[in-house]
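This is coords.tsv (TSV, C-alpha atoms).
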```tsv
chain	number	residue	atom	x	y	z
A	429	MET	CA	0.00	0.00	0.00
A	430	ALA	CA	1.32	3.50	-0.91
A	431	GLN	CA	2.88	5.66	1.78
A	432	GLU	CA	1.32	9.07	2.39
A	433	THR	CA	2.10	12.19	4.42
A	434	LEU	CA	-0.69	14.46	5.65
A	435	VAL	CA	-0.40	17.64	7.72
A	436	VAL	CA	-3.23	19.19	9.73
A	437	LYS	CA	-3.38	21.95	12.34
A	438	LEU	CA	-4.68	21.10	15.82
A	439	ARG	CA	-5.74	23.28	18.72
A	440	ARG	CA	-4.05	22.58	22.06
A	441	ASP	CA	-7.10	20.74	23.43
A	442	GLU	CA	-7.35	18.64	20.27
A	443	GLY	CA	-3.72	17.64	20.62
A	444	GLU	CA	-4.19	16.67	24.26
A	445	GLU	CA	-7.27	14.60	23.41
A	446	LEU	CA	-5.44	12.86	20.58
A	447	ARG	CA	-2.55	11.95	22.88
A	448	ARG	CA	-5.00	10.50	25.39
A	449	LYS	CA	-6.69	8.35	22.74
A	450	LEU	CA	-3.40	7.06	21.38
A	451	SER	CA	-2.04	6.29	24.86
A	452	GLU	CA	-5.07	4.08	25.49
A	453	GLY	CA	-4.64	2.16	22.26
A	454	ALA	CA	-2.00	0.13	20.48
A	455	PHE	CA	0.52	2.95	19.92
A	456	GLU	CA	4.16	3.20	20.95
A	457	PHE	CA	5.45	6.64	21.94
A	458	ARG	CA	8.95	7.82	21.07
A	459	SER	CA	11.04	10.98	21.45
A	460	VAL	CA	11.30	13.34	18.47
A	461	PRO	CA	13.11	16.72	18.59
A	462	HIS	CA	10.79	19.74	18.89
A	463	ALA	CA	7.72	17.50	19.07
A	464	LEU	CA	5.15	17.39	21.85
A	465	PHE	CA	4.80	13.68	21.10
A	466	SER	CA	5.28	11.09	18.39
A	467	ALA	CA	3.33	7.82	18.33
A	468	LYS	CA	3.75	4.79	16.08
A	469	GLY	CA	1.10	2.14	15.44
A	470	GLU	CA	-1.64	0.84	13.13
A	471	GLY	CA	0.42	1.58	10.02
A	472	VAL	CA	1.31	5.23	10.74
A	473	VAL	CA	3.63	7.54	12.66
A	474	ALA	CA	1.82	10.60	14.05
A	475	THR	CA	3.94	13.49	15.31
A	476	LEU	CA	2.54	16.64	16.93
A	477	TYR	CA	4.85	19.67	17.04
A	478	GLY	CA	4.73	22.65	19.35
A	479	SER	CA	3.35	24.79	16.54
A	480	GLY	CA	0.21	22.64	16.55
A	481	LYS	CA	1.02	20.92	13.27
A	482	LEU	CA	0.26	17.21	13.25
A	483	VAL	CA	2.23	15.22	10.68
A	484	VAL	CA	0.84	11.76	9.90
A	485	GLN	CA	2.96	9.45	7.75
A	486	GLY	CA	2.30	5.91	6.63
A	487	SER	CA	0.11	3.58	4.64
A	488	ASP	CA	-3.07	4.58	6.47
A	489	ALA	CA	-2.61	8.29	7.17
A	490	ARG	CA	-6.08	9.17	5.89
A	491	GLY	CA	-7.74	6.45	7.94
A	492	PHE	CA	-5.90	7.69	11.03
A	493	LEU	CA	-7.40	11.18	10.69
A	494	LEU	CA	-10.86	9.71	10.21
A	495	ARG	CA	-10.66	7.38	13.21
A	496	PHE	CA	-8.95	9.53	15.80
A	497	LEU	CA	-9.90	13.08	14.81
A	498	GLU	CA	-13.15	12.41	12.89
A	499	ARG	CA	-11.77	14.80	10.30
A	500	GLU	CA	-11.87	14.45	6.55
A	501	PRO	CA	-8.30	14.28	5.25
A	502	PRO	CA	-6.98	17.29	3.31
A	503	ALA	CA	-6.42	16.95	-0.41
A	504	PRO	CA	-2.91	15.51	-0.84
A	505	SER	CA	-0.16	17.48	-2.53
A	506	ALA	CA	1.14	16.59	-5.98
A	507	SER	CA	4.17	14.90	-4.38
A	508	THR	CA	2.07	12.47	-2.37
A	509	SER	CA	2.57	8.92	-3.65
A	510	GLY	CA	-0.50	6.97	-4.69
A	511	ALA	CA	-2.97	9.39	-3.09
A	512	LYS	CA	-6.25	10.61	-4.47
A	513	SER	CA	-7.52	14.15	-4.18
A	514	GLY	CA	-10.89	15.36	-3.08
A	515	ASP	CA	-12.66	16.01	0.18
A	516	GLY	CA	-15.15	13.18	-0.16
A	517	PRO	CA	-18.85	13.17	-0.92
A	518	GLY	CA	-21.52	14.69	1.27
A	519	GLU	CA	-25.23	14.77	1.77
A	520	ALA	CA	-26.02	14.85	-1.94
A	521	LEU	CA	-24.44	11.44	-2.49
A	522	VAL	CA	-26.26	9.96	0.50
A	523	GLU	CA	-29.58	11.24	-0.83
A	524	GLU	CA	-28.83	9.78	-4.25
A	525	LEU	CA	-27.80	6.39	-2.87
A	526	GLU	CA	-30.94	6.12	-0.73
A	527	ARG	CA	-33.16	6.35	-3.82
A	528	ALA	CA	-32.26	2.73	-4.59
A	529	PRO	CA	-31.51	-0.40	-2.54
A	530	LEU	CA	-28.44	0.19	-0.39
A	531	VAL	CA	-26.22	-2.08	1.70
A	532	GLY	CA	-24.35	-0.31	4.48
A	533	SER	CA	-21.75	-1.68	6.89
A	534	ASP	CA	-20.12	-0.47	10.08
A	535	GLU	CA	-18.02	-1.87	12.91
A	536	ALA	CA	-17.86	-1.87	16.73
A	537	GLY	CA	-15.28	-2.90	19.28
A	538	LYS	CA	-12.09	-1.74	17.56
A	539	GLY	CA	-11.35	0.80	20.31
A	540	ASP	CA	-12.27	-1.53	23.18
A	541	TRP	CA	-9.62	-3.64	24.93
A	542	PHE	CA	-12.14	-6.22	26.06
A	543	GLY	CA	-14.68	-7.91	23.84
A	544	PRO	CA	-15.05	-8.90	20.19
A	545	LEU	CA	-14.53	-6.99	16.99
A	546	VAL	CA	-17.84	-6.88	15.14
A	547	VAL	CA	-18.97	-5.74	11.70
A	548	ALA	CA	-22.61	-5.62	10.62
A	549	ALA	CA	-24.14	-5.07	7.19
A	550	VAL	CA	-27.76	-4.10	6.53
A	551	ARG	CA	-29.74	-3.84	3.30
A	552	VAL	CA	-32.28	-1.00	3.21
A	553	GLU	CA	-34.86	-0.48	0.46
A	554	PRO	CA	-35.50	3.11	-0.67
A	555	GLU	CA	-38.98	3.26	0.88
A	556	ASP	CA	-37.57	2.33	4.30
A	557	ALA	CA	-34.85	4.96	4.68
A	558	ALA	CA	-37.22	7.75	5.74
A	559	ARG	CA	-38.98	5.43	8.19
A	560	LEU	CA	-35.71	4.50	9.85
A	561	ARG	CA	-34.73	8.16	10.14
A	562	ALA	CA	-38.13	9.01	11.65
A	563	GLY	CA	-37.76	6.08	14.06
A	564	GLY	CA	-34.58	7.54	15.55
A	565	VAL	CA	-32.03	5.25	13.92
A	566	MET	CA	-28.64	6.96	13.96
A	567	ASP	CA	-24.95	6.37	14.60
A	568	SER	CA	-24.86	4.07	17.64
A	569	LYS	CA	-22.26	6.31	19.35
A	570	ARG	CA	-25.09	8.81	19.85
A	571	LEU	CA	-27.37	6.23	21.54
A	572	SER	CA	-27.30	4.69	25.01
A	573	ASP	CA	-26.42	1.01	25.31
A	574	ARG	CA	-29.96	0.27	26.42
A	575	ARG	CA	-31.44	2.01	23.39
A	576	VAL	CA	-29.02	0.22	21.06
A	577	LEU	CA	-30.08	-3.18	22.38
A	578	GLU	CA	-33.77	-2.28	22.14
A	579	MET	CA	-33.47	-0.93	18.62
A	580	ALA	CA	-31.40	-3.88	17.42
A	581	GLY	CA	-34.27	-6.31	18.02
A	582	GLY	CA	-36.55	-4.46	15.63
A	583	LEU	CA	-33.86	-4.06	12.99
A	584	ARG	CA	-33.01	-7.76	13.05
A	585	ALA	CA	-36.66	-8.70	12.60
A	586	ARG	CA	-37.34	-6.24	9.79
A	587	PHE	CA	-34.21	-5.96	7.62
A	588	ALA	CA	-31.86	-8.28	5.76
A	589	HIS	CA	-28.63	-8.19	7.72
A	590	ALA	CA	-25.46	-10.08	8.55
A	591	VAL	CA	-23.05	-9.86	11.49
A	592	ALA	CA	-19.38	-10.91	11.40
A	593	ARG	CA	-18.02	-11.29	14.93
A	594	LEU	CA	-14.43	-12.08	15.87
A	595	ASP	CA	-13.96	-12.97	19.53
A	596	PRO	CA	-10.68	-12.02	21.22
A	597	ALA	CA	-8.94	-15.43	20.94
A	598	ASP	CA	-9.47	-15.47	17.16
A	599	TYR	CA	-8.83	-11.74	16.90
A	600	ASN	CA	-5.44	-12.08	18.57
A	601	ARG	CA	-4.37	-14.91	16.28
A	602	ALA	CA	-5.42	-12.96	13.21
A	603	HIS	CA	-3.81	-9.70	14.36
A	604	GLU	CA	-0.54	-11.48	15.11
A	605	GLN	CA	-0.54	-12.85	11.55
A	606	LEU	CA	-1.52	-9.60	9.81
A	607	GLY	CA	0.19	-7.08	12.09
A	608	ASN	CA	-2.42	-4.42	11.32
A	609	LEU	CA	-6.05	-3.88	12.17
A	610	ASN	CA	-7.26	-2.59	8.82
A	611	PRO	CA	-6.89	-5.80	6.76
A	612	LEU	CA	-8.75	-7.61	9.53
A	613	LEU	CA	-11.54	-5.01	9.47
A	614	ALA	CA	-11.73	-5.26	5.69
A	615	ARG	CA	-12.08	-9.03	5.93
A	616	LEU	CA	-15.02	-8.71	8.34
A	617	HIS	CA	-16.71	-5.97	6.30
A	618	GLY	CA	-16.39	-8.13	3.22
A	619	GLN	CA	-17.82	-11.17	4.99
A	620	ALA	CA	-20.89	-9.27	6.21
A	621	ILE	CA	-21.49	-7.43	2.93
A	622	ARG	CA	-21.24	-10.56	0.80
A	623	ALA	CA	-23.84	-12.26	3.02
A	624	VAL	CA	-26.38	-9.48	2.36
A	625	ALA	CA	-25.66	-8.21	-1.16
A	626	ARG	CA	-27.88	-9.43	-3.99
A	627	GLY	CA	-26.17	-7.62	-6.85
A	628	ASP	CA	-28.71	-4.87	-7.55
A	629	GLU	CA	-27.69	-2.42	-4.82
A	630	ALA	CA	-25.05	0.17	-4.05
A	631	ILE	CA	-22.71	-0.51	-1.13
A	632	LEU	CA	-21.72	2.18	1.36
A	633	ILE	CA	-19.01	1.87	4.01
A	634	ASP	CA	-18.05	4.31	6.74
A	635	ARG	CA	-14.50	4.79	5.44
A	636	PHE	CA	-11.81	3.51	7.80
A	637	ALA	CA	-8.75	2.98	5.54
A	638	ASP	CA	-7.38	3.42	2.05
A	639	GLU	CA	-10.28	2.83	-0.34
A	640	ALA	CA	-8.30	0.29	-2.36
A	641	LEU	CA	-8.39	-2.11	0.58
A	642	MET	CA	-12.16	-2.64	0.42
A	643	ARG	CA	-12.22	-2.63	-3.37
A	644	SER	CA	-9.78	-5.52	-3.28
A	645	GLU	CA	-11.74	-7.35	-0.57
A	646	LEU	CA	-14.98	-7.15	-2.58
A	647	ALA	CA	-13.41	-7.58	-6.02
A	648	GLU	CA	-15.41	-10.72	-6.81
A	649	LEU	CA	-18.74	-8.87	-6.58
A	650	PRO	CA	-20.03	-7.73	-10.01
A	651	ASN	CA	-19.47	-4.08	-10.97
A	652	ILE	CA	-17.90	-3.33	-7.59
A	653	GLU	CA	-15.99	-0.31	-8.91
A	654	SER	CA	-19.24	1.54	-9.58
A	655	ARG	CA	-21.28	0.07	-6.71
A	656	LEU	CA	-18.88	0.64	-3.80
A	657	HIS	CA	-18.77	4.00	-2.00
A	658	GLN	CA	-16.62	4.87	1.02
A	659	ILE	CA	-17.14	8.18	2.81
A	660	PRO	CA	-16.48	9.71	6.23
A	661	ARG	CA	-19.55	9.82	8.49
A	662	GLY	CA	-21.25	7.14	6.44
A	663	GLU	CA	-23.91	6.79	9.14
A	664	ARG	CA	-25.69	9.73	7.50
A	665	ALA	CA	-27.17	6.97	5.35
A	666	MET	CA	-29.71	4.85	7.18
A	667	ALA	CA	-28.20	1.58	5.96
A	668	VAL	CA	-24.90	2.42	7.66
A	669	ALA	CA	-26.63	3.82	10.74
A	670	ALA	CA	-28.64	0.60	11.10
A	671	ALA	CA	-25.45	-1.42	10.65
A	672	SER	CA	-23.82	0.68	13.36
A	673	VAL	CA	-26.64	-0.21	15.76
A	674	LEU	CA	-26.48	-3.93	14.99
A	675	ALA	CA	-22.70	-4.03	15.28
A	676	ARG	CA	-22.77	-2.22	18.61
A	677	ALA	CA	-25.50	-4.49	19.94
A	678	ALA	CA	-23.53	-7.60	18.96
A	679	PHE	CA	-20.43	-6.15	20.62
A	680	LEU	CA	-22.33	-5.43	23.85
A	681	GLU	CA	-23.81	-8.92	23.84
A	682	GLY	CA	-20.38	-10.46	23.27
A	683	LEU	CA	-18.87	-8.38	26.06
A	684	SER	CA	-21.64	-9.52	28.42
A	685	GLU	CA	-21.06	-13.17	27.49
A	686	LEU	CA	-17.33	-12.89	28.16
A	687	SER	CA	-17.98	-11.13	31.48
A	688	ALA	CA	-20.19	-14.01	32.58
A	689	GLU	CA	-17.58	-16.57	31.53
A	690	VAL	CA	-14.76	-15.06	33.61
A	691	GLY	CA	-16.85	-13.75	36.51
A	692	VAL	CA	-15.60	-10.17	36.09
A	693	GLU	CA	-17.53	-7.22	34.63
A	694	LEU	CA	-15.54	-6.23	31.56
A	695	PRO	CA	-16.03	-2.53	30.75
A	696	LYS	CA	-16.00	-0.84	27.37
A	697	GLY	CA	-13.17	1.34	26.14
A	698	ALA	CA	-9.49	1.30	27.06
A	699	GLY	CA	-9.22	3.64	30.06
A	700	ALA	CA	-8.69	3.27	33.81
A	701	PRO	CA	-11.83	1.17	34.55
A	702	VAL	CA	-10.63	-1.33	31.96
A	703	ASP	CA	-7.21	-1.56	33.61
A	704	ALA	CA	-8.88	-2.20	36.96
A	705	ALA	CA	-10.97	-4.98	35.43
A	706	GLY	CA	-7.81	-6.52	33.99
A	707	ARG	CA	-6.23	-6.65	37.44
A	708	ALA	CA	-9.39	-8.22	38.85
A	709	LEU	CA	-9.34	-10.80	36.06
A	710	LEU	CA	-5.76	-11.84	36.79
A	711	ALA	CA	-6.56	-12.17	40.47
A	712	LEU	CA	-9.01	-14.94	39.53
A	713	HIS	CA	-7.49	-16.54	36.43
A	714	PRO	CA	-4.11	-17.44	34.91
A	715	ARG	CA	-2.63	-14.78	32.67
A	716	GLU	CA	-3.32	-16.95	29.59
A	717	ARG	CA	-7.05	-16.31	30.07
A	718	LEU	CA	-6.49	-12.68	29.06
A	719	ARG	CA	-6.05	-13.82	25.45
A	720	GLU	CA	-9.64	-15.05	25.46
A	721	VAL	CA	-11.24	-11.76	26.53
A	722	ALA	CA	-8.88	-8.91	25.50
A	723	LYS	CA	-7.13	-7.58	22.39
A	724	LEU	CA	-3.52	-8.17	23.36
A	725	HIS	CA	-1.86	-5.56	21.12
A	726	PHE	CA	-3.50	-2.72	23.11
A	727	ARG	CA	-1.22	-0.81	25.47
A	728	ASN	CA	-3.43	-1.94	28.37
A	729	THR	CA	-1.79	-5.37	28.12
A	730	SER	CA	1.73	-4.07	28.64
A	731	LYS	CA	0.55	-1.77	31.42
A	732	LEU	CA	-0.97	-4.74	33.19
A	733	ALA	CA	2.25	-6.74	32.81
A	734	GLY	CA	4.18	-3.89	34.43
A	735	ARG	CA	2.09	-4.18	37.57
A	736	ARG	CA	2.84	-7.87	38.10
```
Just dump the structure as structure tokens.
Amino acid sequence: MAQETLVVKLRRDEGEELRRKLSEGAFEFRSVPHALFSAKGEGVVATLYGSGKLVVQGSDARGFLLRFLEREPPAPSASTSGAKSGDGPGEALVEELERAPLVGSDEAGKGDWFGPLVVAAVRVEPEDAARLRAGGVMDSKRLSDRRVLEMAGGLRARFAHAVARLDPADYNRAHEQLGNLNPLLARLHGQAIRAVARGDEAILIDRFADEALMRSELAELPNIESRLHQIPRGERAMAVAAASVLARAAFLEGLSELSAEVGVELPKGAGAPVDAAGRALLALHPRERLREVAKLHFRNTSKLAGRR
């Protein structure tokens, strides 16, 4: 995959929030002259300088900005290798796509130390998009866990859907083989989409990596070049929003199942409550059990080892 360098300007609070997010994930910090911090992981090196300029270099620089800053990447310069220009489509494209059958997919669990990685895909007919919007379907991050679980029941009963779930033991084996989260995410998106697609619909994905990754994953589907769309904030389309709800519900259900298995309440996220749960887990079980409930490449794992 082509290497890319992107530069964006951050406010002080944005820089502090970014450092917090990276410190809770699978990033390794290193010292760089004149930099407030530099972190390496998930296919990129992100360096924030005192001037507020954030320089992101690597094979997934654009995906990094989307995931951690929820910011559309800037148009690359002429010297950028293999990059494509453009700010990405907006509301007009979503409106156009929803006039025909649409399959949307989204994921949950990638920022959580405990629990599975889940991708869901949902097929929505054009006459149903407005009903879903009126019914309060939206990006699951804007809904409470209780509401997500309630809403998921109705979506499962009403819409063609598929869920691809990778529990931690399988996730860890796959991540150790691939060394990067994005190919693993692409594999799950592809699995869910192929289970729902009939061939007459457009496909919309909440963009998480270089667009070529998903095009390659779905290459066997007919006319995929014209059918596949990848945009930031894809949950503006009801198919992606519904997929977001189903993915989050499946993640919450998986997390609850794992909690019951080990006798410890396993929280969401990757912050201090998660670290405390990890210590409680190791007080009851051998360290090997961690592989069955947690994503081992997260920094939480090494922090826990340092306390033993």
Need the shell around Asp534 (chain A): protein/DNA/RNA residues with any atom at most 12 Å away, counting all atoms listed in the file. Skip same-chain ones fewer than 4 positions apart. Format as a CSV table (one decimal) with C-alpha atoms, in the frame of the given file?
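Output file selection.csv is given in full below:
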```csv
chain,number,residue,atom,x,y,z
A,538,LYS,CA,-12.1,-1.7,17.6
A,545,LEU,CA,-14.5,-7.0,17.0
A,546,VAL,CA,-17.8,-6.9,15.1
A,547,VAL,CA,-19.0,-5.7,11.7
A,548,ALA,CA,-22.6,-5.6,10.6
A,549,ALA,CA,-24.1,-5.1,7.2
A,550,VAL,CA,-27.8,-4.1,6.5
A,566,MET,CA,-28.6,7.0,14.0
A,567,ASP,CA,-25.0,6.4,14.6
A,568,SER,CA,-24.9,4.1,17.6
A,569,LYS,CA,-22.3,6.3,19.4
A,589,HIS,CA,-28.6,-8.2,7.7
A,590,ALA,CA,-25.5,-10.1,8.6
A,591,VAL,CA,-23.0,-9.9,11.5
A,592,ALA,CA,-19.4,-10.9,11.4
A,613,LEU,CA,-11.5,-5.0,9.5
A,614,ALA,CA,-11.7,-5.3,5.7
A,616,LEU,CA,-15.0,-8.7,8.3
A,617,HIS,CA,-16.7,-6.0,6.3
A,618,GLY,CA,-16.4,-8.1,3.2
A,620,ALA,CA,-20.9,-9.3,6.2
A,621,ILE,CA,-21.5,-7.4,2.9
A,631,ILE,CA,-22.7,-0.5,-1.1
A,632,LEU,CA,-21.7,2.2,1.4
A,633,ILE,CA,-19.0,1.9,4.0
A,634,ASP,CA,-18.0,4.3,6.7
A,635,ARG,CA,-14.5,4.8,5.4
A,636,PHE,CA,-11.8,3.5,7.8
A,658,GLN,CA,-16.6,4.9,1.0
A,659,ILE,CA,-17.1,8.2,2.8
A,660,PRO,CA,-16.5,9.7,6.2
A,661,ARG,CA,-19.6,9.8,8.5
A,662,GLY,CA,-21.2,7.1,6.4
A,663,GLU,CA,-23.9,6.8,9.1
A,664,ARG,CA,-25.7,9.7,7.5
A,665,ALA,CA,-27.2,7.0,5.4
A,666,MET,CA,-29.7,4.8,7.2
A,667,ALA,CA,-28.2,1.6,6.0
A,668,VAL,CA,-24.9,2.4,7.7
A,669,ALA,CA,-26.6,3.8,10.7
A,670,ALA,CA,-28.6,0.6,11.1
A,671,ALA,CA,-25.4,-1.4,10.6
A,672,SER,CA,-23.8,0.7,13.4
A,673,VAL,CA,-26.6,-0.2,15.8
A,674,LEU,CA,-26.5,-3.9,15.0
A,675,ALA,CA,-22.7,-4.0,15.3
A,676,ARG,CA,-22.8,-2.2,18.6
A,677,ALA,CA,-25.5,-4.5,19.9
A,678,ALA,CA,-23.5,-7.6,19.0
A,679,PHE,CA,-20.4,-6.2,20.6
```
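Shortest separation to Ala705 (chain A) among A:Glu648, A:Glu604, A:Glu693, A:Glu432 occurs at residue A:Glu693, atoms counted being all atoms listed in the file.
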Residues near Ser730 (chain A), cut-off 12 Å, all atoms listed in the file, skip fewer than 3 positions along chain, as a PyMOL selection string: chain A and resi 451-456+541+703+706+718+723-727+733-736
Using only C-alpha atoms, determine which residues lie at most 9 Å from Leu709 (chain A), disregarding the query and same-chain residues fewer than 6 positions distant; provide the list as a PDB file with C-alpha atoms, keeping the file's coordinate frame.
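Output (out-v5.pdb):
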```pdb
ATOM      1  CA  VAL A 690     -14.760 -15.060  33.610  1.00  0.00           C
ATOM      2  CA  GLY A 691     -16.850 -13.750  36.510  1.00  0.00           C
ATOM      3  CA  VAL A 692     -15.600 -10.170  36.090  1.00  0.00           C
ATOM      4  CA  LEU A 694     -15.540  -6.230  31.560  1.00  0.00           C
ATOM      5  CA  ARG A 715      -2.630 -14.780  32.670  1.00  0.00           C
ATOM      6  CA  ARG A 717      -7.050 -16.310  30.070  1.00  0.00           C
ATOM      7  CA  LEU A 718      -6.490 -12.680  29.060  1.00  0.00           C
TER       8      LEU A 718
END
```
Which residue, A:Ala536, A:Leu732, A:Leu609, A:Val721, has the smallest gap to Gly469 (chain A) when you use all atoms listed in the file? A:Leu609
Selected residue of minimal separation from Asp556 (chain A) among A:Arg440, A:Arg586, A:His603, A:Arg570, counting all atoms listed in the file: A:Arg586
Rounded to one decimal, what separation in Å do you get between CA of Val531 (chain A) and CA of Ala588 (chain A)?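 Value for the CA of Val531 (chain A)-CA of Ala588 (chain A) distance: 9.3 Å.
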Just give me the gap between CA of Ala602 (chain A) and CA of Leu577 (chain A) in Å, one decimal is fine.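 A separation of 28.1 Å between them.
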What is the CA of Thr729 (chain A) to CA of Arg495 (chain A) distance in Å?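 According to the coordinates, CA of Thr729 (chain A) and CA of Arg495 (chain A) are separated by 21.5 Å.
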I'd like the contact shell of region 523-530 of chain A - 7 Å cut-off, all atoms listed in the file, skipping same-chain residues fewer than 2 positions apart - returned as a ChimeraX atom specification. /A:519-521,532,551-554,557,629-631,667
Counting only C-alpha atoms, the option among A:Gly537, A:Pro650, A:Pro611, A:Gly564 closest to Pro695 (chain A): A:Gly537
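Shortest atom-to-atom contact with Ser479 (chain A) among A:Ala562, A:Ala704, A:Ala625, A:His462: A:His462, counting only C-alpha atoms.
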Check the smallest atom-to-atom distance from each of A:Ala637, A:Leu683, A:Leu438, A:Leu464 to Leu494 (chain A) using all atoms listed in the file, then report the winner.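 Under the stated criterion, the closest residue is A:Ala637.
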Centre and size of axis-aligned box enclosing region 660-666 of chain A plus 3 Å each side, as JSON:
```
{"center_x": -23.1, "center_y": 7.3, "center_z": 7.2, "size_x": 19.2, "size_y": 11.0, "size_z": 9.8}
```
Write out as number ranges by chain each polymer residue whose atoms come within 10 Å of region 480-485 of chain A, counting only C-alpha atoms; drop sequence neighbours fewer than 2 positions from it. A: 431-440, 442-443, 463-468, 471-478, 487-490, 492-493
Working from the structure I just supplied, which lacks atoms in region 596-611 of chain A, can you model N, CA and C atoms there and output them as a tab-separated table (two decimals), in the frame of the given file?
```tsv
chain	number	residue	atom	x	y	z
A	596	PRO	N	-12.08	-12.37	20.98
A	596	PRO	CA	-10.68	-12.02	21.22
A	596	PRO	C	-9.66	-13.11	20.90
A	597	ALA	N	-9.93	-14.38	21.22
A	597	ALA	CA	-8.94	-15.43	20.94
A	597	ALA	C	-8.63	-15.49	19.45
A	598	ASP	N	-9.67	-15.46	18.62
A	598	ASP	CA	-9.47	-15.47	17.16
A	598	ASP	C	-8.89	-14.15	16.66
A	599	TYR	N	-9.35	-13.07	17.26
A	599	TYR	CA	-8.83	-11.74	16.90
A	599	TYR	C	-7.32	-11.68	17.11
A	600	ASN	N	-6.87	-12.16	18.26
A	600	ASN	CA	-5.44	-12.08	18.57
A	600	ASN	C	-4.61	-12.91	17.60
A	601	ARG	N	-5.09	-14.10	17.25
A	601	ARG	CA	-4.37	-14.91	16.28
A	601	ARG	C	-4.28	-14.20	14.93
A	602	ALA	N	-5.40	-13.63	14.50
A	602	ALA	CA	-5.42	-12.96	13.21
A	602	ALA	C	-4.55	-11.71	13.21
A	603	HIS	N	-4.61	-10.93	14.29
A	603	HIS	CA	-3.81	-9.70	14.36
A	603	HIS	C	-2.33	-10.01	14.39
A	604	GLU	N	-1.95	-11.09	15.07
A	604	GLU	CA	-0.54	-11.48	15.11
A	604	GLU	C	-0.05	-11.88	13.72
A	605	GLN	N	-0.91	-12.46	12.92
A	605	GLN	CA	-0.54	-12.85	11.55
A	605	GLN	C	-0.46	-11.64	10.63
A	606	LEU	N	-1.43	-10.73	10.74
A	606	LEU	CA	-1.52	-9.60	9.81
A	606	LEU	C	-0.69	-8.40	10.26
A	607	GLY	N	-0.59	-8.20	11.57
A	607	GLY	CA	0.19	-7.08	12.09
A	607	GLY	C	-0.47	-5.73	11.96
A	608	ASN	N	-1.73	-5.69	11.53
A	608	ASN	CA	-2.42	-4.42	11.32
A	608	ASN	C	-3.92	-4.67	11.42
A	609	LEU	N	-4.62	-3.71	11.99
A	609	LEU	CA	-6.05	-3.88	12.17
A	609	LEU	C	-6.85	-3.75	10.88
A	610	ASN	N	-6.42	-2.90	9.98
A	610	ASN	CA	-7.26	-2.59	8.82
A	610	ASN	C	-7.53	-3.79	7.90
A	611	PRO	N	-6.55	-4.62	7.57
A	611	PRO	CA	-6.89	-5.80	6.76
A	611	PRO	C	-7.88	-6.72	7.45
```
